[in-house]
$ cat data-v4.cif   # mmCIF, C-alpha atoms and all ligand atoms
data_work
#
loop_
_atom_site.label_atom_id
_atom_site.label_comp_id
_atom_site.auth_asym_id
_atom_site.auth_seq_id
_atom_site.Cartn_x
_atom_site.Cartn_y
_atom_site.Cartn_z
CA MET D 1 -81.59 26.03 2.09
CA GLN D 2 -78.92 27.20 -0.37
CA ARG D 3 -77.19 30.53 0.11
CA PRO D 4 -74.83 31.90 -2.52
CA LEU D 5 -71.19 32.66 -1.72
CA ALA D 6 -71.60 36.20 -3.00
CA ASP D 7 -69.36 39.24 -2.66
CA ALA D 8 -69.95 42.97 -2.77
CA TYR D 9 -69.14 43.12 -6.50
CA GLY D 10 -71.86 40.77 -7.65
CA ARG D 11 -69.63 37.73 -8.06
CA VAL D 12 -70.81 34.34 -6.82
CA ALA D 13 -68.34 31.55 -6.04
CA THR D 14 -69.36 28.13 -7.34
CA ASP D 15 -65.89 26.69 -7.96
CA LEU D 16 -64.04 25.33 -4.92
CA ARG D 17 -60.31 24.58 -4.96
CA VAL D 18 -59.49 22.18 -2.15
CA SER D 19 -55.85 21.80 -1.15
CA LEU D 20 -55.25 18.35 0.29
CA THR D 21 -51.64 18.85 1.34
CA ASP D 22 -48.94 21.51 1.16
CA ARG D 23 -46.26 18.85 0.59
CA CYS D 24 -44.79 18.00 -2.78
CA ASN D 25 -42.43 15.53 -4.42
CA LEU D 26 -41.14 18.06 -6.99
CA ARG D 27 -39.42 21.38 -6.38
CA CYS D 28 -40.47 23.57 -9.32
CA SER D 29 -38.22 26.60 -9.24
CA TYR D 30 -41.10 29.09 -9.64
CA CYS D 31 -42.99 27.47 -6.77
CA MET D 32 -40.65 26.47 -3.98
CA PRO D 33 -36.96 26.40 -3.02
CA ALA D 34 -34.74 23.32 -3.58
CA GLU D 35 -34.85 22.38 0.09
CA GLY D 36 -38.67 22.47 0.19
CA LEU D 37 -40.62 24.38 2.81
CA ASP D 38 -41.59 24.00 6.45
CA TRP D 39 -44.58 21.75 5.87
CA LEU D 40 -47.74 22.16 7.92
CA PRO D 41 -47.62 20.04 11.09
CA LEU D 42 -49.88 17.05 10.42
CA PRO D 43 -52.28 17.73 13.33
CA GLU D 44 -53.11 21.05 11.64
CA VAL D 45 -54.06 19.37 8.36
CA LEU D 46 -57.75 18.54 7.98
CA THR D 47 -58.60 14.86 8.28
CA ASP D 48 -60.43 13.17 5.40
CA ASP D 49 -63.67 13.41 7.37
CA GLU D 50 -63.14 17.12 8.00
CA VAL D 51 -62.41 17.77 4.31
CA VAL D 52 -65.54 15.90 3.26
CA ARG D 53 -67.63 17.70 5.87
CA LEU D 54 -66.57 21.12 4.56
CA ILE D 55 -67.09 20.06 0.95
CA THR D 56 -70.56 18.81 1.86
CA ILE D 57 -71.42 22.16 3.43
CA GLY D 58 -70.12 23.89 0.30
CA VAL D 59 -72.19 21.71 -2.03
CA GLU D 60 -75.39 21.30 -0.03
CA ARG D 61 -75.69 24.79 1.45
CA LEU D 62 -73.51 27.18 -0.51
CA GLY D 63 -73.97 26.40 -4.18
CA ILE D 64 -70.57 24.87 -4.98
CA ARG D 65 -70.79 23.07 -8.37
CA ARG D 66 -67.16 22.43 -9.32
CA ILE D 67 -64.44 21.03 -7.12
CA ARG D 68 -60.75 20.86 -7.94
CA PHE D 69 -58.42 18.96 -5.65
CA THR D 70 -54.97 20.44 -5.53
CA GLY D 71 -52.00 21.11 -3.26
CA GLY D 72 -48.96 20.81 -2.87
CA GLU D 73 -49.23 17.51 -4.66
CA PRO D 74 -52.70 16.02 -4.09
CA LEU D 75 -51.67 12.55 -5.29
CA ILE D 76 -49.49 12.12 -2.21
CA ARG D 77 -52.54 12.46 0.02
CA ARG D 78 -53.35 8.88 1.01
CA GLY D 79 -57.10 9.49 1.28
CA LEU D 80 -57.45 11.14 -2.14
CA VAL D 81 -59.40 8.37 -3.88
CA ASP D 82 -61.75 8.01 -0.94
CA ILE D 83 -62.29 11.77 -0.70
CA VAL D 84 -63.14 11.82 -4.42
CA ARG D 85 -65.56 8.90 -3.99
CA ARG D 86 -67.32 10.55 -1.04
CA THR D 87 -67.51 13.88 -2.88
CA ARG D 88 -68.99 12.20 -5.95
CA ALA D 89 -71.61 10.52 -3.75
CA LEU D 90 -72.92 14.00 -2.86
CA ASP D 91 -74.06 14.76 -6.39
CA ASP D 92 -73.64 13.13 -9.79
CA ASP D 93 -73.56 16.48 -11.55
CA LEU D 94 -70.63 18.00 -9.68
CA GLU D 95 -67.59 18.64 -11.85
CA LEU D 96 -64.63 16.98 -10.14
CA SER D 97 -61.01 17.36 -11.17
CA VAL D 98 -57.49 17.13 -9.78
CA THR D 99 -54.50 19.35 -10.51
CA THR D 100 -51.37 17.23 -10.29
CA ASN D 101 -47.73 17.08 -11.31
CA GLY D 102 -48.49 13.58 -12.60
CA LEU D 103 -46.14 11.58 -10.37
CA GLY D 104 -48.03 8.45 -9.32
CA LEU D 105 -50.85 9.14 -11.76
CA GLU D 106 -50.04 6.05 -13.79
CA ARG D 107 -50.97 3.91 -10.77
CA LEU D 108 -53.85 6.05 -9.48
CA ALA D 109 -55.68 7.06 -12.67
CA PRO D 110 -57.94 3.96 -12.89
CA SER D 111 -59.02 4.22 -9.22
CA LEU D 112 -59.59 7.95 -9.51
CA ALA D 113 -61.78 7.41 -12.56
CA ALA D 114 -63.67 4.63 -10.80
CA ALA D 115 -64.18 6.91 -7.77
CA GLY D 116 -65.96 9.42 -10.00
CA LEU D 117 -63.27 11.94 -10.93
CA ASP D 118 -64.07 13.66 -14.24
CA ARG D 119 -60.63 14.77 -15.38
CA VAL D 120 -57.12 15.88 -14.49
CA ASN D 121 -55.10 19.00 -15.01
CA LEU D 122 -51.50 17.99 -15.38
CA SER D 123 -48.69 20.49 -14.81
CA LEU D 124 -45.86 20.06 -17.27
CA ASP D 125 -43.62 22.87 -18.48
CA THR D 126 -41.32 21.00 -20.83
CA VAL D 127 -41.01 17.69 -22.66
CA ASP D 128 -37.21 17.84 -22.59
CA PRO D 129 -35.72 15.65 -19.81
CA GLY D 130 -32.82 18.02 -19.06
CA ARG D 131 -35.08 21.04 -18.81
CA PHE D 132 -37.54 19.08 -16.70
CA ARG D 133 -34.69 18.34 -14.28
CA THR D 134 -33.69 22.01 -14.22
CA ILE D 135 -37.21 23.28 -13.59
CA THR D 136 -38.46 20.65 -11.13
CA ARG D 137 -35.06 19.65 -9.65
CA ARG D 138 -36.04 16.01 -10.11
CA ASP D 139 -35.39 13.51 -12.91
CA ARG D 140 -38.98 12.33 -13.31
CA LEU D 141 -40.18 13.36 -16.78
CA ASP D 142 -40.89 9.75 -17.81
CA ASP D 143 -43.16 9.19 -14.79
CA VAL D 144 -45.14 12.31 -15.65
CA LEU D 145 -45.54 11.30 -19.29
CA ARG D 146 -46.71 7.83 -18.26
CA GLY D 147 -49.14 9.46 -15.81
CA ALA D 148 -50.60 11.65 -18.56
CA LYS D 149 -51.07 8.63 -20.82
CA ALA D 150 -52.70 6.63 -18.04
CA ALA D 151 -55.11 9.48 -17.27
CA HIS D 152 -56.07 9.70 -20.93
CA GLU D 153 -56.60 5.94 -21.15
CA ALA D 154 -58.66 5.95 -17.96
CA GLY D 155 -61.03 8.48 -19.52
CA LEU D 156 -60.03 11.37 -17.26
CA THR D 157 -60.43 13.60 -20.27
CA PRO D 158 -59.81 16.07 -21.62
CA VAL D 159 -56.39 15.88 -19.99
CA LYS D 160 -55.47 19.52 -19.63
CA VAL D 161 -51.78 20.34 -19.45
CA ASN D 162 -50.72 23.53 -17.64
CA ALA D 163 -47.37 25.00 -18.61
CA VAL D 164 -45.47 27.95 -17.15
CA LEU D 165 -42.83 29.47 -19.43
CA LEU D 166 -39.67 30.76 -17.79
CA ARG D 167 -37.35 33.18 -19.52
CA GLY D 168 -34.14 31.57 -20.69
CA VAL D 169 -35.28 28.13 -19.55
CA ASN D 170 -38.22 26.94 -21.67
CA ASP D 171 -39.63 30.10 -23.26
CA ASP D 172 -38.55 28.84 -26.68
CA GLU D 173 -40.61 25.67 -26.24
CA ALA D 174 -44.14 27.06 -26.67
CA CYS D 175 -44.62 25.65 -30.19
CA ASP D 176 -43.02 22.28 -29.42
CA LEU D 177 -45.21 21.90 -26.34
CA LEU D 178 -48.32 22.69 -28.35
CA ALA D 179 -47.41 20.24 -31.11
CA TRP D 180 -46.72 17.56 -28.49
CA ALA D 181 -50.03 18.21 -26.69
CA ILE D 182 -52.04 18.11 -29.92
CA ALA D 183 -50.36 14.84 -30.97
CA HIS D 184 -51.44 13.28 -27.65
CA GLU D 185 -54.94 14.84 -27.58
CA TYR D 186 -54.13 16.86 -24.48
CA GLU D 187 -55.41 20.43 -24.10
CA LEU D 188 -52.52 22.78 -23.45
CA ARG D 189 -52.81 25.94 -21.37
CA PHE D 190 -50.03 28.40 -20.76
CA ILE D 191 -50.10 30.15 -17.38
CA GLU D 192 -48.31 33.42 -16.77
CA GLN D 193 -45.90 33.14 -13.88
CA MET D 194 -47.36 34.79 -10.77
CA PRO D 195 -45.79 36.30 -7.64
CA LEU D 196 -46.64 33.29 -5.49
CA ASP D 197 -43.26 31.60 -5.08
CA ALA D 198 -41.98 30.98 -1.57
CA GLN D 199 -38.62 32.56 -2.41
CA HIS D 200 -40.11 35.86 -3.67
CA ASP D 201 -38.00 35.63 -6.85
CA TRP D 202 -40.78 36.76 -9.21
CA HIS D 203 -40.08 39.94 -11.18
CA ARG D 204 -42.64 41.58 -13.41
CA ASP D 205 -40.02 42.46 -16.03
CA GLN D 206 -38.69 38.87 -16.13
CA MET D 207 -41.96 37.01 -16.57
CA VAL D 208 -43.00 35.69 -19.97
CA THR D 209 -46.20 37.55 -20.86
CA ALA D 210 -49.24 36.28 -22.73
CA GLU D 211 -48.29 38.69 -25.51
CA GLU D 212 -44.95 36.96 -25.95
CA ILE D 213 -46.59 33.54 -25.87
CA PHE D 214 -48.93 34.59 -28.70
CA GLU D 215 -45.98 35.95 -30.70
CA ARG D 216 -44.17 32.65 -30.38
CA LEU D 217 -47.22 30.52 -31.22
CA ASP D 218 -48.03 32.73 -34.22
CA GLN D 219 -44.74 31.67 -35.79
CA GLU D 220 -46.02 28.12 -36.35
CA PHE D 221 -49.79 28.13 -35.76
CA THR D 222 -52.86 30.17 -36.62
CA LEU D 223 -54.96 30.93 -33.54
CA THR D 224 -58.57 32.08 -33.66
CA PRO D 225 -60.78 32.75 -30.62
CA ALA D 226 -62.66 29.58 -29.66
CA ARG D 227 -65.27 30.95 -27.34
CA GLU D 228 -66.89 34.30 -26.84
CA PRO D 229 -67.56 35.49 -24.23
CA ARG D 230 -65.05 33.81 -21.98
CA GLY D 231 -67.33 33.79 -18.92
CA SER D 232 -65.64 32.85 -15.65
CA ALA D 233 -63.03 30.61 -17.29
CA PRO D 234 -59.53 31.91 -16.57
CA ALA D 235 -58.16 30.66 -19.89
CA GLU D 236 -58.60 32.56 -23.12
CA LEU D 237 -59.18 29.70 -25.51
CA PHE D 238 -58.12 29.53 -29.18
CA LEU D 239 -58.66 27.08 -32.01
CA VAL D 240 -55.35 25.93 -33.42
CA ASP D 241 -55.23 26.00 -37.24
CA GLY D 242 -59.03 26.07 -37.40
CA GLY D 243 -59.55 23.35 -34.76
CA PRO D 244 -60.66 21.07 -33.34
CA ALA D 245 -57.45 21.31 -31.26
CA THR D 246 -57.36 24.26 -28.87
CA VAL D 247 -54.81 26.12 -26.78
CA GLY D 248 -55.47 28.30 -23.75
CA VAL D 249 -53.60 31.20 -22.25
CA ILE D 250 -54.18 32.14 -18.63
CA ALA D 251 -52.92 35.70 -18.38
CA SER D 252 -53.50 36.21 -14.67
CA VAL D 253 -50.98 39.04 -14.50
CA THR D 254 -51.26 40.98 -17.74
CA ARG D 255 -54.98 40.41 -18.46
CA PRO D 256 -56.56 39.75 -15.07
CA PHE D 257 -60.01 38.19 -15.02
CA CYS D 258 -60.89 39.03 -11.41
CA GLY D 259 -64.19 40.65 -12.45
CA ASP D 260 -65.50 37.25 -13.53
CA CYS D 261 -63.93 35.16 -10.80
CA ASP D 262 -66.13 32.40 -9.37
CA ARG D 263 -63.51 30.68 -7.23
CA VAL D 264 -62.99 30.11 -3.53
CA ARG D 265 -60.20 28.17 -1.87
CA LEU D 266 -59.90 25.88 1.09
CA THR D 267 -56.35 25.28 2.34
CA ALA D 268 -55.13 21.93 3.65
CA ASP D 269 -55.31 23.33 7.18
CA GLY D 270 -58.93 24.38 6.80
CA GLN D 271 -58.69 28.09 6.02
CA VAL D 272 -61.09 29.65 3.55
CA ARG D 273 -59.40 32.11 1.18
CA ASN D 274 -61.63 34.21 -1.03
CA CYS D 275 -58.76 34.82 -3.50
CA LEU D 276 -55.40 33.29 -4.38
CA PHE D 277 -53.92 36.65 -3.44
CA ALA D 278 -56.03 37.26 -0.34
CA ARG D 279 -54.20 38.51 2.72
CA GLU D 280 -56.85 37.27 5.12
CA GLU D 281 -58.18 33.78 5.77
CA SER D 282 -61.14 32.46 7.71
CA ASP D 283 -60.27 29.63 10.09
CA LEU D 284 -62.93 26.96 9.62
CA ARG D 285 -60.72 24.26 11.11
CA SER D 286 -60.52 25.81 14.59
CA ALA D 287 -64.23 26.57 14.52
CA MET D 288 -65.03 23.00 13.45
CA ARG D 289 -62.77 21.48 16.09
CA ALA D 290 -64.34 23.75 18.73
CA GLY D 291 -67.71 22.19 17.92
CA ALA D 292 -69.21 24.61 15.37
CA SER D 293 -72.39 23.36 13.70
CA ASP D 294 -72.78 23.10 9.92
CA ASP D 295 -74.93 26.24 10.04
CA ASP D 296 -72.24 28.12 11.89
CA LEU D 297 -69.51 26.96 9.47
CA ALA D 298 -71.67 27.97 6.51
CA ASP D 299 -72.19 31.42 8.08
CA ARG D 300 -68.45 31.89 8.52
CA TRP D 301 -67.84 30.85 4.93
CA VAL D 302 -70.45 33.30 3.61
CA THR D 303 -68.90 36.09 5.69
CA ALA D 304 -65.40 35.26 4.41
CA MET D 305 -66.57 35.59 0.81
CA ALA D 306 -68.39 38.88 1.35
CA SER D 307 -65.09 40.73 1.83
CA LYS D 308 -63.51 39.52 -1.42
CA ARG D 309 -61.60 42.39 -3.00
CA PRO D 310 -62.39 43.46 -6.58
CA GLY D 311 -58.99 42.41 -7.94
CA HIS D 312 -55.58 41.05 -7.06
CA GLY D 313 -53.76 44.29 -7.84
CA ILE D 314 -50.48 42.66 -8.92
CA ASP D 315 -49.77 45.67 -11.07
CA ASP D 316 -50.46 48.18 -8.25
CA PRO D 317 -47.41 49.66 -6.55
CA SER D 318 -49.07 48.75 -3.23
CA PHE D 319 -49.31 45.03 -4.13
CA LEU D 320 -48.19 42.71 -1.36
CA GLN D 321 -47.50 39.05 -2.06
CA PRO D 322 -49.65 36.80 0.17
CA ASP D 323 -47.99 35.31 3.23
CA ARG D 324 -48.38 31.79 1.95
CA PRO D 325 -46.87 30.51 -1.31
CA MET D 326 -48.98 28.84 -4.01
CA SER D 327 -48.12 25.34 -2.79
CA ALA D 328 -49.56 26.09 0.66
CA ILE D 329 -52.66 27.86 -0.66
CA GLY D 330 -53.59 25.36 -3.34
CA GLY D 331 -52.96 26.38 -6.94
N1 LIG D 401 -48.57 20.03 -7.52
C1 LIG D 401 -49.68 20.18 -8.38
C2 LIG D 401 -49.28 20.66 -9.75
O1 LIG D 401 -48.13 21.10 -9.90
O2 LIG D 401 -50.09 20.58 -10.64
C3 LIG D 401 -50.78 21.10 -7.85
C4 LIG D 401 -50.35 22.35 -7.15
S1 LIG D 401 -49.47 23.53 -8.14
C5 LIG D 401 -49.19 24.82 -6.95
C6 LIG D 401 -50.80 24.11 -9.18
C7 LIG D 401 -50.39 24.89 -10.39
O3 LIG D 401 -49.79 26.08 -9.98
C8 LIG D 401 -49.38 24.20 -11.29
O4 LIG D 401 -49.91 24.15 -12.60
C9 LIG D 401 -48.17 25.08 -11.25
O5 LIG D 401 -47.49 25.11 -12.46
C10 LIG D 401 -48.77 26.39 -10.91
N2 LIG D 401 -47.86 27.32 -10.27
C11 LIG D 401 -47.08 27.15 -9.18
N3 LIG D 401 -46.39 28.27 -8.89
C12 LIG D 401 -46.76 29.18 -9.82
C13 LIG D 401 -46.40 30.53 -10.07
N4 LIG D 401 -45.53 31.18 -9.31
N5 LIG D 401 -46.98 31.16 -11.11
C14 LIG D 401 -47.87 30.51 -11.91
N6 LIG D 401 -48.25 29.25 -11.74
C15 LIG D 401 -47.70 28.58 -10.70
FE1 LIG D 402 -44.96 20.82 -6.48
FE2 LIG D 402 -46.90 21.70 -8.08
FE3 LIG D 402 -45.27 23.43 -6.76
FE4 LIG D 402 -44.26 21.97 -8.73
S1 LIG D 402 -45.90 23.52 -8.92
S2 LIG D 402 -43.32 22.28 -6.70
S3 LIG D 402 -45.38 20.12 -8.57
S4 LIG D 402 -46.73 22.08 -5.85
#

$ encode --input "data-v4.cif" --output "C-alpha cells" --more "lines below"
Ligand code: SAM
Ligand code: SF4
Amino acid sequence: MQRPLADAYGRVATDLRVSLTDRCNLRCSYCMPAEGLDWLPLPEVLTDDEVVRLITIGVERLGIRRIRFTGGEPLIRRGLVDIVRRTRALDDDLELSVTTNGLGLERLAPSLAAAGLDRVNLSLDTVDPGRFRTITRRDRLDDVLRGAKAAHEAGLTPVKVNAVLLRGVNDDEACDLLAWAIAHEYELRFIEQMPLDAQHDWHRDQMVTAEEIFERLDQEFTLTPAREPRGSAPAELFLVDGGPATVGVIASVTRPFCGDCDRVRLTADGQVRNCLFAREESDLRSAMRAGASDDDLADRWVTAMASKRPGHGIDDPSFLQPDRPMSAIGG
C-alpha cells in the first residue's frame, strides 16, 4: 500500500535526492574549504544494498517518482552504476538523474546511460580555465567539458548545467555562459548562492541575486517566461530570444519556492532530511542496522516528513545555518 510523504502544509514529497558520498574531488570555494572536510567514517556510510533498500521503500511504499543521485561527488562512489541499474529495475517510469561536477563523466556516461539513467545535471560555474581553477581549486576544466560532451553523446539529455555566480569572480560571465550552453545544446540554470558552505562565509549582501542575473542577461538576450505556472520546479524557466533554447534561474534565497517543494533528502549516512535547511534528521541507518522492518522504516520516514517546516527562513533574523554543509547533505 502506498502512503504519501505529506506534511502539515499540504505538500507531498515525490522527489528524492540521494547523497551517495560526502567526499569530493573538487573544492568549490562556496561549498567547502581548500583542505576539504572531515569525511564521514566509511562504516557510517550506507552500503549499496542499504541505499537500494531505502530507495525501494521510497518508491514502492511512499510515492517517490523522481530520484537524483548527488553528494559530495556521486561519480566517485564505486557502486554508482549498479545502484542506478537496481533503481531502474524498480520501475521504468522513474525519472533518474545525477548531479555531478563532471570529473570522470567522460568514462562513466555510456555505462550510466546503459544502466537506465535519464540525464545529468552538471555543475559548472565558468568556462574560463583560470577562473575554474580559482573557484574549484583544481585545474580540471577540460575534464569537465569532456564529461559534458560525453553525457550529451550518450543521450543523457537534456544535459542541464548549474552555475553559481560569485561576486568579483565570475559574475560578469552570465551571458558568455549562456551563449556557450546554447551552442552546445545544454540547458543552463543559474543558482543563487546559499548559506550552506562549511566555512560559513556566505553573506546576504555579497551574493549575486536573481535580479542581478536578469539584468546581466537582458544586456544580450531577450527572456520570456517559458512555463506558467512553475509548479514544483525550483527553476524559473525562460525562452531565450524566443526559443527553443531556455535558461533557468533558481532563486532559492530571494524568491523562495518552499510552498511548492516536493523534495526529500537521504544523506550518505542514511539520515532523512525533510529540507535542505532542516535542523533535524531522522536516523534510518541505525534503525535499519538494528533490524527495523520495511514497514517500520516507512513509518519513520512518514513521521520525518510530517514535521517539515513551511519555509527555510533564510531571510529571517532567526535563521540558523544547518549543522551540515551542502556537500554532506546532498545538493
Ligand atoms: N558534486 C556535485 C556537483 O557539484 O554537482 C554534486 C553535489 S553539489 C553540493 C550540488 C550542487 O550544489 C552544485 O550544483 C553546486 O554548485 C551547488 N552548491 C554547492 N554549494 C552551494 C551553495 N553554497 N549555494 C548554492 N549552490 C551550491
Ligand atoms: Fe564538490 Fe560539488 Fe561541492 Fe564543488 S559543489 S566542492 S564539486 S560537492

$ atom_distance --input "data-v4.cif" --atom1 "atom CA of Met207 of chain D" --atom2 "atom CA of Arg189 of chain D"
16.2 Å

$ closest_atom_pairs --input "data-v4.cif" --of "chain D" --to "ligand LIG 402 (chain D)" --cutoff "7 Å" --atoms "only C-alpha atoms and all ligand atoms" --output "tab-separated table"
residue	atom	partner	partner_atom	distance
D:Cys24	CA	D:LIG402	FE1	4.7
D:Asn25	CA	D:LIG402	FE1	6.2
D:Leu26	CA	D:LIG402	FE1	4.7
D:Arg27	CA	D:LIG402	S2	4.0
D:Cys28	CA	D:LIG402	S2	4.1
D:Cys31	CA	D:LIG402	FE3	4.6
D:Met32	CA	D:LIG402	S2	5.7
D:Gly71	CA	D:LIG402	S4	6.0
D:Gly72	CA	D:LIG402	S4	3.9
D:Glu73	CA	D:LIG402	S4	5.3
D:Thr100	CA	D:LIG402	FE2	6.7
D:Asn101	CA	D:LIG402	S3	4.7
D:Thr136	CA	D:LIG402	FE4	6.4
D:Ser327	CA	D:LIG402	S4	4.7

$ closest_atom_pairs --input "data-v4.cif" --of "chain D" --to "ligand LIG 401 (chain D)" --cutoff "6 Å" --atoms "all atoms listed in the file" --output "tab-separated table"
residue	atom	partner	partner_atom	distance
D:Tyr30	CA	D:LIG401	N4	4.9
D:Cys31	CA	D:LIG401	N3	4.1
D:Thr70	CA	D:LIG401	C3	4.8
D:Gly71	CA	D:LIG401	C4	4.4
D:Gly72	CA	D:LIG401	N1	4.7
D:Glu73	CA	D:LIG401	N1	3.9
D:Thr99	CA	D:LIG401	O2	4.6
D:Thr100	CA	D:LIG401	O2	3.6
D:Asn101	CA	D:LIG401	C2	4.2
D:Leu122	CA	D:LIG401	O2	5.6
D:Ser123	CA	D:LIG401	O2	4.4
D:Asn162	CA	D:LIG401	O4	5.1
D:Val164	CA	D:LIG401	O5	5.8
D:Ile191	CA	D:LIG401	C14	5.9
D:Glu192	CA	D:LIG401	C14	5.7
D:Gln193	CA	D:LIG401	N5	3.6
D:Met194	CA	D:LIG401	N5	3.7
D:Pro195	CA	D:LIG401	N4	5.4
D:Leu196	CA	D:LIG401	N4	4.5
D:Asp197	CA	D:LIG401	N4	4.8
D:Met326	CA	D:LIG401	C5	5.0
D:Ser327	CA	D:LIG401	C5	4.3
D:Gly330	CA	D:LIG401	C5	5.7
D:Gly331	CA	D:LIG401	C6	3.9

$ closest_residue --input "data-v4.cif" --among "D:Arg23, D:Trp180, D:Arg204, D:His152" --to "Pro317 of chain D" --atoms "all atoms listed in the file"
D:Arg204

$ closest_atom_pairs --input "data-v4.cif" --of "segment 279-313 of chain D" --to "segment 244-262 of chain D" --cutoff "10 Å" --atoms "all atoms listed in the file" --output "CSV"
residue,atom,partner,partner_atom,distance
D:Arg309,CA,D:Cys258,CA,9.1
D:Pro310,CA,D:Cys258,CA,6.7
D:Gly311,CA,D:Cys258,CA,5.2
D:His312,CA,D:Cys258,CA,7.2
D:Gly313,CA,D:Val253,CA,8.9

$ atom_distance --input "data-v4.cif" --atom1 "atom CA of His203 of chain D" --atom2 "atom CA of Glu236 of chain D"
23.2 Å

$ residues_around --input "data-v4.cif" --residues "Ser111 of chain D" --least-positions-apart "3" --cutoff "12 Å" --atoms "all atoms listed in the file" --output "PDB file with C-alpha atoms, keeping the file's coordinate frame"
ATOM      1  CA  LEU D  75     -51.670  12.550  -5.290  1.00  0.00           C
ATOM      2  CA  GLY D  79     -57.100   9.490   1.280  1.00  0.00           C
ATOM      3  CA  LEU D  80     -57.450  11.140  -2.140  1.00  0.00           C
ATOM      4  CA  VAL D  81     -59.400   8.370  -3.880  1.00  0.00           C
ATOM      5  CA  ASP D  82     -61.750   8.010  -0.940  1.00  0.00           C
ATOM      6  CA  ILE D  83     -62.290  11.770  -0.700  1.00  0.00           C
ATOM      7  CA  VAL D  84     -63.140  11.820  -4.420  1.00  0.00           C
ATOM      8  CA  ARG D  85     -65.560   8.900  -3.990  1.00  0.00           C
ATOM      9  CA  GLY D 104     -48.030   8.450  -9.320  1.00  0.00           C
ATOM     10  CA  LEU D 105     -50.850   9.140 -11.760  1.00  0.00           C
ATOM     11  CA  GLU D 106     -50.040   6.050 -13.790  1.00  0.00           C
ATOM     12  CA  ARG D 107     -50.970   3.910 -10.770  1.00  0.00           C
ATOM     13  CA  LEU D 108     -53.850   6.050  -9.480  1.00  0.00           C
ATOM     14  CA  ALA D 114     -63.670   4.630 -10.800  1.00  0.00           C
ATOM     15  CA  ALA D 115     -64.180   6.910  -7.770  1.00  0.00           C
ATOM     16  CA  GLY D 116     -65.960   9.420 -10.000  1.00  0.00           C
ATOM     17  CA  LEU D 117     -63.270  11.940 -10.930  1.00  0.00           C
ATOM     18  CA  ASP D 118     -64.070  13.660 -14.240  1.00  0.00           C
ATOM     19  CA  ALA D 150     -52.700   6.630 -18.040  1.00  0.00           C
ATOM     20  CA  ALA D 151     -55.110   9.480 -17.270  1.00  0.00           C
ATOM     21  CA  ALA D 154     -58.660   5.950 -17.960  1.00  0.00           C
ATOM     22  CA  GLY D 155     -61.030   8.480 -19.520  1.00  0.00           C
ATOM     23  CA  LEU D 156     -60.030  11.370 -17.260  1.00  0.00           C
TER      24      LEU D 156
END

$ residues_around --input "data-v4.cif" --residues "Leu124 of chain D" --least-positions-apart "4" --cutoff "12 Å" --atoms "all atoms listed in the file" --output "ChimeraX atom specification"
/D:26,28,99-103,128-129,131-133,135-136,140-145,147-148,159-165,170,173-174,177-178,180-181,186-191

$ atom_distance --input "data-v4.cif" --atom1 "atom CA of Arg279 of chain D" --atom2 "atom CA of Phe319 of chain D"
10.6 Å

$ decode --input "data-v4.cif" --residues "segment 287-310 of chain D" --atoms "C-alpha atoms" --output "PDB file, in the first residue's frame"
ATOM      1  CA  ALA D 287      17.063   1.736  12.718  1.00  0.00           C
ATOM      2  CA  MET D 288      17.846  -0.411   9.674  1.00  0.00           C
ATOM      3  CA  ARG D 289      21.004  -1.828  11.230  1.00  0.00           C
ATOM      4  CA  ALA D 290      19.090  -2.578  14.440  1.00  0.00           C
ATOM      5  CA  GLY D 291      16.758  -4.793  12.408  1.00  0.00           C
ATOM      6  CA  ALA D 292      13.849  -2.468  11.561  1.00  0.00           C
ATOM      7  CA  SER D 293      11.375  -3.896   9.052  1.00  0.00           C
ATOM      8  CA  ASP D 294      10.450  -2.111   5.810  1.00  0.00           C
ATOM      9  CA  ASP D 295       7.140  -1.133   7.435  1.00  0.00           C
ATOM     10  CA  ASP D 296       8.936   0.376  10.381  1.00  0.00           C
ATOM     11  CA  LEU D 297      11.373   2.302   8.155  1.00  0.00           C
ATOM     12  CA  ALA D 298       8.478   3.603   6.065  1.00  0.00           C
ATOM     13  CA  ASP D 299       6.712   4.756   9.257  1.00  0.00           C
ATOM     14  CA  ARG D 300       9.797   6.627  10.405  1.00  0.00           C
ATOM     15  CA  TRP D 301      10.143   8.272   7.006  1.00  0.00           C
ATOM     16  CA  VAL D 302       6.488   9.386   7.007  1.00  0.00           C
ATOM     17  CA  THR D 303       6.911  10.819  10.509  1.00  0.00           C
ATOM     18  CA  ALA D 304      10.074  12.682   9.495  1.00  0.00           C
ATOM     19  CA  MET D 305       8.230  14.382   6.632  1.00  0.00           C
ATOM     20  CA  ALA D 306       5.223  15.380   8.716  1.00  0.00           C
ATOM     21  CA  SER D 307       7.290  17.939  10.641  1.00  0.00           C
ATOM     22  CA  LYS D 308       8.616  19.747   7.560  1.00  0.00           C
ATOM     23  CA  ARG D 309       8.620  23.478   8.223  1.00  0.00           C
ATOM     24  CA  PRO D 310       6.763  25.834   5.866  1.00  0.00           C
TER      25      PRO D 310
END
